[in-house]
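K.L.:
The structure that follows is given in the form of structure tokens.
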Amino acid sequence: MQKSYDVEKAYKEANALLEGHFLLASGNHSNRYLQSAKVLEYPKKASLLTDALAEMIRSHGIEVDTVCAPALGGVLAGYELARSLDVRSIFVEKKEGGMELRRGFEVTKGEKIIICEDIITTGGSALKAAHAIEALGGEVVAFASLANRGFCKRVGSESEAKEECSLPNNVPLFALDDFTFEMFTPEECPMCKEGSTAIKPGSKG
């Protein structure tokens, strides 16, 4: 399937495809890291990405009423995708063991909702968001992200889902491209063995 937008180029131009020695949320290490905030800080660039993602979703006949993002990382991507799809934007926030809808947001029974992240790695946060929405009677019709780390199978990719993927097989995942980076346990990390110290550049760093 031909890519509708060169998301890798967009990340590189925004200096958002980082190279170095990084500590991931999983505890593993990698020599590359996607910093989506660097892309999304420019609204026009963000709109180009989400317009392409929205077109992909529309082309597969997905009906959607609302886009829901897990806070904090997915909020900007979710808001822009909702704008591109001309639907409502909401977000869920962390609570102990999961996520919940706050701030007066409401979901009606049968409301068709896309869960949107900036990046899908194993899909754990997106799945928690989906559970929060489904508990309120909403219907999760798809997952979406600007970039897919390659653990989960996205629509249009020949790569199969890996064991680490948390997302359900019966709900489609739309993303602009796969980014498959090498990952190492701290014990096996060649950069650690060379004396380098891993840094954590994300929002929890």
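For the structure tokens, the naming scheme is as follows: chains receive sequential letters (A, B, ...) according to their order of presentation, residues are indexed from 1 within each chain, and ligands are indexed from 1 in presentation order.
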Write out as a ChimeraX atom specification each polymer residue whose atoms come within 9 Å of region 133-142 of chain A, counting only C-alpha atoms; drop sequence neighbours fewer than 4 positions from it.
P.N.:
/A:57,62-64,68,92,100-101,106-116,128-129,171-174
K.L.:
Fewer than 3 positions away in the same chain doesn't count, so skip those; otherwise give me all residues within 10 Å of region 143-147 of chain A, counting only C-alpha atoms, as a PyMOL selection string.
P.N.:
chain A and resi 7-8+11+34+36+46+49-50+52-54+57+67-69+74+77-78+81+113-121+123+126-127+130+140+150+154-155+167-168+171-179
K.L.:
Looking only at strand (DSSP E) from DSSP on the backbone, list the matching residues of region 57-175 of chain A as JSON, numbers by chain.
P.N.:
{"A": [66, 67, 68, 69, 70, 88, 89, 90, 91, 92, 93, 94, 95, 98, 99, 100, 101, 112, 113, 114, 115, 116, 117, 118, 119, 120, 139, 140, 141, 142, 143, 144, 145, 146, 147, 148, 173, 174, 175]}
